[in-house]
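Engineer: Sharing upload-v9.cif here; it has mmCIF, C-alpha atoms and all ligand atoms.
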data_final
loop_
_atom_site.label_atom_id
_atom_site.label_comp_id
_atom_site.auth_asym_id
_atom_site.auth_seq_id
_atom_site.Cartn_x
_atom_site.Cartn_y
_atom_site.Cartn_z
CA MET A 1 18.05 -15.88 -1.87
CA ILE A 2 15.12 -15.12 0.41
CA LYS A 3 13.71 -18.27 2.01
CA VAL A 4 9.94 -18.17 1.80
CA GLY A 5 7.23 -20.21 3.51
CA ILE A 6 3.57 -20.31 2.49
CA VAL A 7 0.89 -21.43 4.93
CA GLY A 8 -2.25 -22.48 3.05
CA GLY A 9 -0.61 -23.58 -0.20
CA THR A 10 -3.70 -25.34 -1.59
CA GLY A 11 -6.06 -22.34 -1.56
CA TYR A 12 -6.49 -19.99 -4.50
CA THR A 13 -4.28 -17.24 -3.06
CA GLY A 14 -1.68 -19.82 -1.92
CA VAL A 15 -1.45 -21.33 -5.40
CA GLU A 16 -1.23 -17.85 -6.88
CA LEU A 17 1.67 -17.10 -4.51
CA LEU A 18 3.36 -20.27 -5.74
CA ARG A 19 2.88 -19.25 -9.39
CA LEU A 20 4.42 -15.82 -8.75
CA LEU A 21 7.18 -16.85 -6.35
CA ALA A 22 8.32 -19.78 -8.52
CA GLN A 23 9.27 -17.15 -11.13
CA HIS A 24 10.78 -14.65 -8.66
CA PRO A 25 14.52 -14.14 -9.21
CA ASP A 26 15.41 -13.61 -5.52
CA VAL A 27 13.27 -16.27 -3.83
CA GLU A 28 13.68 -19.87 -2.77
CA ILE A 29 10.42 -21.53 -1.72
CA ALA A 30 11.33 -23.45 1.43
CA ALA A 31 8.00 -24.63 2.86
CA ILE A 32 4.41 -24.95 1.64
CA THR A 33 1.76 -26.16 4.03
CA SER A 34 -1.55 -27.93 3.79
CA ARG A 35 -2.97 -30.04 6.59
CA GLY A 36 -5.25 -31.91 4.19
CA GLU A 37 -2.56 -32.66 1.59
CA ALA A 38 0.52 -33.08 3.82
CA GLY A 39 3.04 -35.40 2.16
CA GLN A 40 1.70 -34.94 -1.37
CA PRO A 41 4.07 -33.41 -3.95
CA VAL A 42 2.91 -29.91 -4.89
CA SER A 43 3.34 -30.56 -8.62
CA GLN A 44 1.10 -33.64 -8.39
CA MET A 45 -1.78 -31.48 -7.23
CA PHE A 46 -0.87 -28.52 -9.45
CA PRO A 47 0.75 -29.80 -12.67
CA ASN A 48 1.30 -26.20 -13.89
CA LEU A 49 4.12 -26.15 -11.29
CA ARG A 50 5.85 -29.30 -12.59
CA GLY A 51 9.55 -28.61 -12.97
CA ARG A 52 9.15 -25.34 -11.04
CA VAL A 53 8.30 -26.38 -7.48
CA ASP A 54 10.03 -29.48 -6.18
CA LEU A 55 8.45 -29.70 -2.71
CA ALA A 56 5.72 -31.62 -0.93
CA PHE A 57 3.05 -30.03 1.24
CA SER A 58 3.87 -30.14 4.94
CA GLU A 59 2.01 -29.47 8.20
CA PRO A 60 1.98 -25.80 9.30
CA ARG A 61 4.50 -26.19 12.15
CA VAL A 62 6.16 -23.14 13.66
CA ASP A 63 9.51 -24.93 14.07
CA VAL A 64 9.65 -25.60 10.30
CA LEU A 65 8.41 -22.12 9.35
CA SER A 66 10.96 -20.52 11.70
CA ALA A 67 13.73 -21.47 9.27
CA CYS A 68 12.25 -19.06 6.67
CA ASP A 69 13.07 -15.38 6.20
CA VAL A 70 9.43 -14.56 5.48
CA VAL A 71 6.17 -16.47 5.82
CA PHE A 72 2.99 -15.71 3.88
CA TYR A 73 -0.29 -16.70 5.50
CA ALA A 74 -2.86 -17.56 2.80
CA THR A 75 -5.24 -19.00 5.38
CA PRO A 76 -8.78 -18.24 6.59
CA ASN A 77 -9.19 -15.31 8.97
CA GLY A 78 -8.09 -15.98 12.55
CA ILE A 79 -5.30 -18.50 11.81
CA ALA A 80 -2.20 -16.30 11.38
CA MET A 81 -2.72 -14.42 14.64
CA LYS A 82 -2.15 -17.68 16.56
CA GLN A 83 1.34 -18.28 15.12
CA VAL A 84 2.67 -14.84 14.24
CA PRO A 85 4.01 -13.83 17.70
CA GLU A 86 6.26 -16.93 17.79
CA LEU A 87 7.50 -16.37 14.24
CA LEU A 88 8.30 -12.70 14.88
CA ALA A 89 10.16 -13.71 18.04
CA ALA A 90 12.21 -16.11 15.89
CA GLY A 91 13.16 -13.24 13.58
CA VAL A 92 10.83 -14.27 10.73
CA ARG A 93 8.92 -11.58 8.85
CA VAL A 94 5.27 -12.14 8.01
CA VAL A 95 2.82 -11.08 5.30
CA ASP A 96 -0.73 -12.05 6.22
CA LEU A 97 -3.16 -12.25 3.28
CA ALA A 98 -6.08 -12.67 5.68
CA ALA A 99 -7.64 -9.92 7.76
CA ASP A 100 -6.06 -10.70 11.16
CA PHE A 101 -3.89 -7.56 11.30
CA ARG A 102 -5.80 -5.18 9.01
CA LEU A 103 -8.07 -3.46 11.54
CA LYS A 104 -6.46 -1.27 14.17
CA SER A 105 -9.40 -1.53 16.57
CA THR A 106 -9.89 -4.76 18.51
CA ASP A 107 -13.56 -3.84 18.97
CA ASP A 108 -13.98 -3.66 15.19
CA TRP A 109 -12.19 -7.01 14.83
CA GLN A 110 -14.48 -8.64 17.40
CA GLN A 111 -17.60 -7.12 15.83
CA TRP A 112 -16.86 -7.99 12.19
CA TYR A 113 -14.92 -11.27 12.57
CA GLY A 114 -16.79 -12.63 15.59
CA MET A 115 -13.76 -13.75 17.63
CA PRO A 116 -11.42 -12.17 20.17
CA HIS A 117 -8.02 -11.12 18.83
CA ALA A 118 -5.20 -13.47 19.87
CA CYS A 119 -2.44 -10.81 19.89
CA PRO A 120 -3.94 -7.30 20.06
CA ASP A 121 -0.55 -5.92 21.12
CA LEU A 122 0.73 -6.46 17.54
CA LEU A 123 -2.03 -4.44 15.85
CA ALA A 124 -0.26 -1.11 16.32
CA GLU A 125 2.97 -2.47 14.84
CA ALA A 126 1.36 -4.20 11.82
CA VAL A 127 1.64 -2.13 8.65
CA TYR A 128 -1.32 -2.05 6.27
CA GLY A 129 0.20 -3.27 3.02
CA LEU A 130 -1.14 -0.88 0.41
CA PRO A 131 2.16 0.31 -1.10
CA GLU A 132 0.62 3.30 -2.88
CA VAL A 133 -0.27 4.65 0.58
CA ASN A 134 2.23 3.12 3.02
CA ARG A 135 5.35 2.42 0.96
CA GLU A 136 7.86 3.83 3.46
CA ALA A 137 6.31 2.06 6.46
CA ILE A 138 6.27 -1.26 4.57
CA ARG A 139 10.02 -1.05 3.95
CA GLY A 140 11.58 -2.67 7.00
CA ALA A 141 8.24 -3.76 8.54
CA ARG A 142 8.23 -7.08 10.41
CA LEU A 143 4.51 -7.69 9.95
CA VAL A 144 2.43 -6.61 6.95
CA ALA A 145 -1.36 -6.89 6.77
CA ASN A 146 -2.09 -7.45 3.10
CA PRO A 147 -5.29 -5.59 2.14
CA GLY A 148 -8.51 -7.31 1.11
CA CYS A 149 -9.45 -7.50 -2.56
CA TYR A 150 -12.41 -5.09 -2.53
CA PRO A 151 -10.51 -2.67 -0.24
CA THR A 152 -7.61 -2.51 -2.72
CA ALA A 153 -9.80 -1.60 -5.70
CA VAL A 154 -11.93 0.86 -3.73
CA GLN A 155 -9.14 2.68 -1.88
CA LEU A 156 -6.98 3.12 -4.98
CA GLY A 157 -10.01 4.49 -6.82
CA PHE A 158 -10.97 7.09 -4.19
CA LEU A 159 -7.44 8.10 -3.11
CA PRO A 160 -6.79 10.99 -5.57
CA LEU A 161 -10.18 12.59 -4.83
CA LEU A 162 -9.80 12.40 -1.05
CA LYS A 163 -6.18 13.56 -1.00
CA ALA A 164 -7.15 16.56 -3.13
CA GLY A 165 -10.09 17.31 -0.79
CA ILE A 166 -12.48 18.01 -3.66
CA VAL A 167 -15.35 15.61 -2.86
CA ASP A 168 -17.83 15.14 -0.04
CA ALA A 169 -16.10 12.38 1.94
CA GLY A 170 -19.30 11.80 3.89
CA SER A 171 -21.33 10.46 0.95
CA LEU A 172 -19.06 8.05 -0.94
CA ILE A 173 -20.52 5.05 -2.75
CA ALA A 174 -18.64 1.92 -3.81
CA ASP A 175 -20.55 -0.52 -6.01
CA ALA A 176 -18.20 -3.49 -6.48
CA LYS A 177 -18.41 -6.80 -8.34
CA SER A 178 -16.21 -9.82 -7.70
CA GLY A 179 -15.46 -13.05 -9.52
CA VAL A 180 -16.22 -16.30 -7.71
CA SER A 181 -12.58 -17.12 -6.83
CA GLY A 182 -12.93 -14.31 -4.26
CA ALA A 183 -14.81 -16.79 -2.11
CA GLY A 184 -11.82 -19.16 -1.98
CA ARG A 185 -11.38 -22.79 -3.05
CA LYS A 186 -13.25 -24.51 -0.24
CA ALA A 187 -16.45 -26.30 -1.27
CA GLU A 188 -19.51 -24.13 -0.68
CA VAL A 189 -22.95 -24.28 -2.28
CA HIS A 190 -22.98 -20.63 -3.42
CA SER A 191 -19.84 -21.10 -5.51
CA LEU A 192 -21.01 -24.21 -7.39
CA LEU A 193 -21.24 -23.79 -11.20
CA CYS A 194 -25.02 -24.12 -11.21
CA GLU A 195 -25.42 -21.59 -8.40
CA ALA A 196 -22.99 -18.89 -9.51
CA SER A 197 -23.11 -18.94 -13.31
CA GLU A 198 -25.78 -17.23 -15.46
CA SER A 199 -26.83 -15.12 -12.50
CA PHE A 200 -25.78 -11.93 -10.75
CA LYS A 201 -26.52 -10.74 -7.24
CA ALA A 202 -25.60 -8.31 -4.52
CA TYR A 203 -24.74 -9.62 -1.06
CA GLY A 204 -23.70 -8.23 2.30
CA VAL A 205 -25.62 -4.99 1.69
CA ALA A 206 -26.45 -4.56 5.38
CA GLY A 207 -22.76 -4.80 6.27
CA HIS A 208 -19.76 -6.58 4.77
CA ARG A 209 -16.53 -7.12 6.75
CA HIS A 210 -14.59 -5.08 4.20
CA LEU A 211 -16.59 -1.97 5.15
CA PRO A 212 -14.59 -1.19 8.34
CA GLU A 213 -11.33 -1.91 6.51
CA ILE A 214 -12.12 0.43 3.61
CA ARG A 215 -13.45 3.10 5.97
CA GLN A 216 -10.28 2.92 8.10
CA GLY A 217 -8.13 3.35 4.96
CA LEU A 218 -10.17 6.24 3.57
CA ARG A 219 -10.02 8.01 6.95
CA GLY A 220 -6.24 8.05 6.62
CA MET A 221 -6.57 9.98 3.32
CA THR A 222 -8.68 12.90 4.54
CA ALA A 223 -9.34 14.91 7.68
CA ALA A 224 -13.05 15.11 6.81
CA PRO A 225 -15.54 12.63 8.31
CA VAL A 226 -15.91 9.60 6.02
CA GLY A 227 -19.26 8.07 5.14
CA LEU A 228 -19.26 5.08 2.78
CA THR A 229 -21.98 2.91 1.28
CA PHE A 230 -20.35 -0.33 0.08
CA VAL A 231 -22.30 -2.91 -1.91
CA PRO A 232 -20.46 -6.05 -3.10
CA HIS A 233 -21.83 -8.27 -5.87
CA LEU A 234 -21.02 -11.78 -7.04
CA THR A 235 -20.59 -11.95 -10.80
CA PRO A 236 -20.22 -15.12 -12.90
CA MET A 237 -16.56 -14.89 -13.80
CA ILE A 238 -13.61 -16.64 -12.20
CA ARG A 239 -11.23 -13.75 -11.49
CA GLY A 240 -11.57 -10.03 -11.25
CA ILE A 241 -13.04 -7.12 -9.34
CA HIS A 242 -14.76 -4.18 -10.98
CA ALA A 243 -15.50 -1.30 -8.61
CA THR A 244 -17.70 1.57 -9.76
CA LEU A 245 -17.22 4.46 -7.34
CA TYR A 246 -19.31 7.60 -6.93
CA ALA A 247 -18.42 10.85 -5.14
CA ARG A 248 -19.98 14.32 -5.07
CA LEU A 249 -17.69 17.15 -6.10
CA THR A 250 -17.49 19.99 -3.60
CA GLY A 251 -14.26 21.68 -4.67
CA GLU A 252 -12.70 23.03 -7.82
CA VAL A 253 -10.54 20.88 -10.06
CA GLU A 254 -9.26 21.84 -13.48
CA SER A 255 -8.91 18.28 -14.78
CA LEU A 256 -9.83 15.08 -12.98
CA GLN A 257 -7.83 13.18 -15.58
CA ALA A 258 -4.69 15.21 -14.77
CA LEU A 259 -5.30 14.74 -11.02
CA TYR A 260 -5.38 10.94 -11.41
CA GLU A 261 -2.41 10.88 -13.76
CA GLN A 262 -0.32 13.05 -11.43
CA THR A 263 -1.29 11.08 -8.30
CA TYR A 264 -0.23 7.79 -9.84
CA ALA A 265 2.72 9.01 -11.91
CA GLY A 266 5.60 6.66 -11.14
CA GLU A 267 3.39 4.01 -9.52
CA PRO A 268 4.44 0.73 -11.16
CA PHE A 269 1.13 -1.06 -10.58
CA VAL A 270 -1.54 1.60 -11.06
CA ASP A 271 -2.45 2.47 -14.63
CA VAL A 272 -4.62 5.52 -15.24
CA MET A 273 -6.36 4.87 -18.54
CA PRO A 274 -6.77 7.50 -21.25
CA ALA A 275 -9.79 9.81 -20.78
CA GLY A 276 -13.05 8.14 -21.79
CA SER A 277 -11.78 4.55 -21.32
CA HIS A 278 -13.76 1.79 -19.67
CA PRO A 279 -11.28 -0.65 -18.09
CA GLU A 280 -12.18 -4.34 -18.27
CA THR A 281 -11.36 -6.96 -15.66
CA ARG A 282 -9.74 -9.13 -18.35
CA SER A 283 -7.18 -6.38 -18.96
CA VAL A 284 -5.71 -7.17 -15.50
CA LYS A 285 -6.30 -10.95 -15.35
CA GLY A 286 -3.14 -12.56 -13.95
CA ALA A 287 -1.34 -9.19 -13.62
CA ASN A 288 -0.50 -7.14 -10.52
CA THR A 289 -2.19 -4.06 -11.95
CA CYS A 290 -5.02 -1.77 -10.97
CA ARG A 291 -6.47 0.00 -14.01
CA ILE A 292 -8.48 3.14 -13.30
CA SER A 293 -10.49 5.65 -15.26
CA VAL A 294 -12.30 8.75 -14.06
CA PHE A 295 -15.40 10.48 -15.45
CA ARG A 296 -17.59 13.51 -14.74
CA PRO A 297 -20.72 12.59 -16.71
CA GLN A 298 -22.45 15.53 -18.40
CA GLY A 299 -20.23 17.92 -16.42
CA ALA A 300 -22.48 17.44 -13.37
CA ASP A 301 -21.16 17.29 -9.81
CA THR A 302 -20.91 13.47 -9.56
CA VAL A 303 -17.50 11.92 -10.20
CA VAL A 304 -17.55 8.29 -11.39
CA VAL A 305 -14.39 6.22 -11.02
CA LEU A 306 -13.91 2.76 -12.53
CA SER A 307 -11.25 0.61 -10.83
CA VAL A 308 -10.40 -2.96 -11.87
CA ILE A 309 -8.00 -5.51 -10.40
CA ASP A 310 -7.47 -9.27 -10.41
CA ASN A 311 -8.67 -10.24 -6.93
CA LEU A 312 -6.01 -12.96 -6.69
CA VAL A 313 -3.10 -10.77 -7.86
CA LYS A 314 -3.24 -7.03 -6.98
CA GLY A 315 -6.09 -8.04 -4.64
CA ALA A 316 -4.03 -10.71 -2.83
CA ALA A 317 -0.90 -12.66 -3.89
CA GLY A 318 0.66 -10.09 -6.23
CA GLN A 319 0.30 -7.31 -3.70
CA ALA A 320 1.77 -9.65 -1.07
CA VAL A 321 4.86 -10.20 -3.27
CA GLN A 322 5.06 -6.44 -3.90
CA ASN A 323 5.07 -5.98 -0.10
CA MET A 324 7.76 -8.64 0.34
CA ASN A 325 9.91 -6.88 -2.27
CA LEU A 326 9.64 -3.64 -0.29
CA MET A 327 10.30 -5.34 3.07
CA PHE A 328 13.53 -6.87 1.74
CA GLY A 329 14.78 -3.84 -0.16
CA LEU A 330 14.32 -5.48 -3.58
CA ASP A 331 13.05 -3.83 -6.75
CA GLU A 332 9.33 -3.48 -5.99
CA ARG A 333 8.54 -4.96 -9.43
CA ALA A 334 10.67 -8.11 -9.02
CA GLY A 335 8.75 -11.23 -10.09
CA LEU A 336 5.68 -9.17 -10.98
CA GLY A 337 6.14 -8.55 -14.69
CA GLN A 338 3.15 -10.63 -15.83
CA ILE A 339 1.01 -9.18 -18.63
CA ALA A 340 -2.73 -9.89 -18.45
CA LEU A 341 -4.15 -12.83 -20.38
CA LEU A 342 -6.46 -12.04 -23.30
CA PRO A 343 -9.07 -13.32 -23.98
N1 LIG A 401 -9.70 -15.40 -2.75
C1 LIG A 401 -9.45 -14.10 -2.83
O1 LIG A 401 -9.69 -13.46 -3.87
C2 LIG A 401 -8.83 -13.38 -1.68
C3 LIG A 401 -8.58 -13.98 -0.47
N2 LIG A 401 -8.03 -13.28 0.56
C4 LIG A 401 -7.80 -13.90 1.85
O2 LIG A 401 -6.70 -14.81 1.74
C5 LIG A 401 -6.89 -15.92 2.63
C6 LIG A 401 -6.85 -17.21 1.83
O3 LIG A 401 -7.90 -17.16 0.87
P1 LIG A 401 -8.15 -18.29 -0.21
O4 LIG A 401 -6.85 -18.69 -0.82
O5 LIG A 401 -9.24 -17.80 -1.08
O6 LIG A 401 -8.69 -19.48 0.76
P2 LIG A 401 -8.92 -20.98 0.46
O7 LIG A 401 -10.12 -21.37 1.23
O8 LIG A 401 -8.93 -21.19 -1.03
O9 LIG A 401 -7.60 -21.71 1.08
C7 LIG A 401 -7.31 -21.72 2.42
C8 LIG A 401 -5.98 -22.43 2.68
O10 LIG A 401 -5.68 -22.38 4.08
C9 LIG A 401 -5.40 -23.69 4.60
N3 LIG A 401 -5.95 -23.74 5.96
C10 LIG A 401 -7.27 -23.75 6.30
N4 LIG A 401 -7.39 -23.79 7.64
C11 LIG A 401 -6.14 -23.79 8.15
C12 LIG A 401 -5.61 -23.83 9.48
N5 LIG A 401 -6.42 -23.86 10.53
N6 LIG A 401 -4.28 -23.81 9.63
C13 LIG A 401 -3.44 -23.78 8.57
N7 LIG A 401 -3.88 -23.77 7.29
C14 LIG A 401 -5.21 -23.76 7.08
C15 LIG A 401 -6.06 -24.64 3.62
O11 LIG A 401 -5.38 -25.87 3.55
P3 LIG A 401 -5.55 -27.03 4.64
O12 LIG A 401 -6.94 -26.91 5.18
O13 LIG A 401 -5.29 -28.30 3.86
O14 LIG A 401 -4.49 -26.79 5.68
C16 LIG A 401 -5.93 -23.90 2.29
O15 LIG A 401 -4.69 -24.19 1.69
C17 LIG A 401 -8.25 -15.71 3.31
O16 LIG A 401 -8.06 -15.11 4.57
C18 LIG A 401 -8.97 -14.76 2.36
O17 LIG A 401 -9.92 -14.01 3.04
C19 LIG A 401 -7.64 -11.99 0.40
C20 LIG A 401 -7.85 -11.33 -0.77
C21 LIG A 401 -8.48 -11.97 -1.91
C1 LIG A 402 -16.75 -13.20 -3.86
C2 LIG A 402 -16.47 -13.30 -2.37
O1 LIG A 402 -17.07 -14.09 -1.68
N1 LIG A 402 -15.53 -12.49 -1.88
C3 LIG A 402 -15.16 -12.48 -0.50
C4 LIG A 402 -14.16 -11.41 -0.21
C5 LIG A 402 -12.79 -11.77 -0.59
C6 LIG A 402 -11.83 -12.03 0.57
O2 LIG A 402 -11.28 -13.08 0.63
O3 LIG A 402 -11.69 -11.07 1.48
P1 LIG A 402 -10.84 -11.19 2.87
O4 LIG A 402 -9.43 -11.29 2.50
O5 LIG A 402 -11.07 -9.96 3.64
O6 LIG A 402 -11.37 -12.35 3.62
C7 LIG A 402 -16.33 -12.17 0.40
O7 LIG A 402 -17.16 -11.33 0.08
O8 LIG A 402 -16.33 -12.70 1.52
#
So, in terms of structure tokens, how does the structure I just supplied come out?
Structural biologist:
Amino acid sequence: MIKVGIVGGTGYTGVELLRLLAQHPDVEIAAITSRGEAGQPVSQMFPNLRGRVDLAFSEPRVDVLSACDVVFYATPNGIAMKQVPELLAAGVRVVDLAADFRLKSTDDWQQWYGMPHACPDLLAEAVYGLPEVNREAIRGARLVANPGCYPTAVQLGFLPLLKAGIVDAGSLIADAKSGVSGAGRKAEVHSLLCEASESFKAYGVAGHRHLPEIRQGLRGMTAAPVGLTFVPHLTPMIRGIHATLYARLTGEVESLQALYEQTYAGEPFVDVMPAGSHPETRSVKGANTCRISVFRPQGADTVVVLSVIDNLVKGAAGQAVQNMNLMFGLDERAGLGQIALLP
């Protein structure tokens, strides 16, 4: 059994990791941390885990985490980078759900996250954990940077078009909407019921920290210069991301539908919907799936792609488990068989 530690076990992505890992056939959960809840039994705080997780929250101490085979960081940005060098030195592998190891440029990190990087020497080694792009590098990696939620939906949506070189990579548009759990579990005014429900708004239009991450990923898919307009929105639902993507066709393609189906043939967690479908966020709620459909409205030169994920699963904890499976040579699908909840 693989001994797993979770740092940040009381946040939404930490609890989602617990839900998935408690059902994983090859995993033993060995440590779950929370500074605020240290000493409290996990199942007392989260009764859905009664009978499944028989541990109490502990302090995030490196000496305790060093006994694990792999540690997941489900913590705010800038926390993992302070502990990861010691864990790697102790032979522990790490999957960071935060952004600490996603950007390759320390200047970009400083600019978008507003703090100096604590271990810039590890950025080259860290593997960006989008399996549909980096599967081979993830196998055997010591340190995986799990992608952000918006970046997962947007990159998977654009990938077939950029790889085929049939769109203007300089004028891409990603219009994305997220459920409120994307903001995490900490108390904040903008995520209160009365603030977030029965309303809908864009935010971060001038620049969101996922912009450099998405741009970096898209640059790896094409030799052409990439230009991206990214506009996130907060929508009054709990889980889910719906990304509507626009690109201008510049090259010939017989069938966009066939291009998407061929690109993702054999991918266990990307589902290309039948032509003409409009994927709904509820069709992926609780599942590690990205559902995609592709359109060319009125035969004009604009391609429209619809890409939906659950921000907490394929956008965070599920993808992290998928990465762990690859790192340890397991079946990539192990523990990730959940079907979405309807309604
Ligand atoms: N929510 C989402 O949809 C997604 C989130 N992410 C990323 O995943 C990470 C976790 O997000 P989320 O679960 O939403 O966050 P939450 O705010 O819900 O939870 C954060 C967790 O981290 C712990 N924590 C906070 N500060 C520290 C610290 N200094 N040292 C150790 N533990 C700490 C908290 O517990 P305590 O304070 O008690 O120790 C808590 O358990 C973030 O980096 C986020 O950006 C990525 C993709 C999607
Ligand atoms: C709705 C909402 O607030 N979403 C978050 C993004 C989700 C996330 O946690 O992204 P990282 O992993 O990169 O931090 C936001 O826009 O800040």
Engineer: Go through A:Gly165, A:Gly276, A:Gly315, A:Pro212 one by one, measure the shortest atom-to-atom distance of each to A:Thr250 using all atoms listed in the file, and give the residue with the smallest value.
Structural biologist: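 The shortest atom-to-atom distance to A:Thr250 comes from A:Gly165.
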Engineer: Write out as a PyMOL selection string each polymer residue (protein, DNA or RNA) that has an atom no more than 6 Å from ligand LIG 401 (chain A), with all atoms listed in the file counted.
Structural biologist: chain A and resi 7-14+34-37+60+74-77+79+97-98+148-149+181-186+311-312+315-316
Engineer: Smallest atom-to-atom distance to ligand LIG 402 (chain A): which of A:Leu330, A:Ile166, A:Val205, A:Val70, using only C-alpha atoms and all ligand atoms?
Structural biologist: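 Checking each candidate against ligand LIG 402 (chain A), we get A:Val205 as the closest.
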Engineer: Can you list, as a ChimeraX atom specification, every protein, DNA or RNA residue that comes within 6 Å of A:Lys314 when you count all atoms listed in the file, leaving out same-chain residues fewer than 3 positions away?
Structural biologist: /A:288-289,310,318-319
Engineer: Report the distance between atom CA of A:Ala22 and atom CA of A:Leu49 in Å, rounded to one decimal place.
Structural biologist: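 Interatomic distance here is 8.1 Å.
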Engineer: Is there a way to get, as number ranges by chain, all residues within 7 Å of the point (-10.6, 3.5, -7.7) in file coordinates, counting only C-alpha atoms?
Structural biologist: A: 153-158, 243, 245, 292, 305-307
Engineer: For a quick check of understanding, using only C-alpha atoms, which of A:Thr222, A:Gln83, A:Gln23, A:Ser66 has the smallest distance to A:Gly170?
Structural biologist: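 Comparing A:Thr222, A:Gln83, A:Gln23, A:Ser66 against A:Gly170, the winner is A:Thr222.
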Engineer: Between atom CA of A:Ala89 and atom CA of A:Leu143, what is the distance, to one decimal in Å?
Structural biologist: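 According to the coordinates, atom CA of A:Ala89 and atom CA of A:Leu143 are separated by 11.6 Å.
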Engineer: May I have the residues within 12 Å of A:Arg61 as a PyMOL selection string, using only C-alpha atoms and disregarding those fewer than 2 positions away in the same chain?
Structural biologist: chain A and resi 5-8+31-35+38+57-59+63-68+71+80+82-84+86-87
Engineer: Near stretch 106-118 of chain A, counting only C-alpha atoms, which residues have an atom at most 7 Å away, once you skip same-chain residues fewer than 3 positions from it, shown as a ChimeraX atom specification?
Structural biologist: /A:81-82,103,209
Engineer: Point out the residue among A:Thr152, A:Ser255, A:Thr281, A:Thr263 with the least atom-to-atom distance to ligand LIG 402 (chain A), counting only C-alpha atoms and all ligand atoms.
Structural biologist: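 The closest residue to ligand LIG 402 (chain A) is A:Thr152.
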Engineer: Using all atoms listed in the file and a cutoff of 6 Å, can you tell me which residues are near (-2.4, -9.3, 15.5) in the file's coordinates, and write them out as a PyMOL selection string?
Structural biologist: chain A and resi 81+100-101+119-120+122-123
Engineer: Looking at A:Val15, A:Ile241, A:Val294, A:Leu162, which one is nearest to A:Ala258, with distances taken over all atoms listed in the file?
Structural biologist: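 Closest to A:Ala258 of all the choices is A:Val294.
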Engineer: Smallest atom-to-atom distance to ligand LIG 402 (chain A): which of A:Pro151, A:Gly129, A:Pro297, A:Pro41, using all atoms listed in the file?
Structural biologist: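 That would be A:Pro151, the residue with the smallest distance to ligand LIG 402 (chain A).
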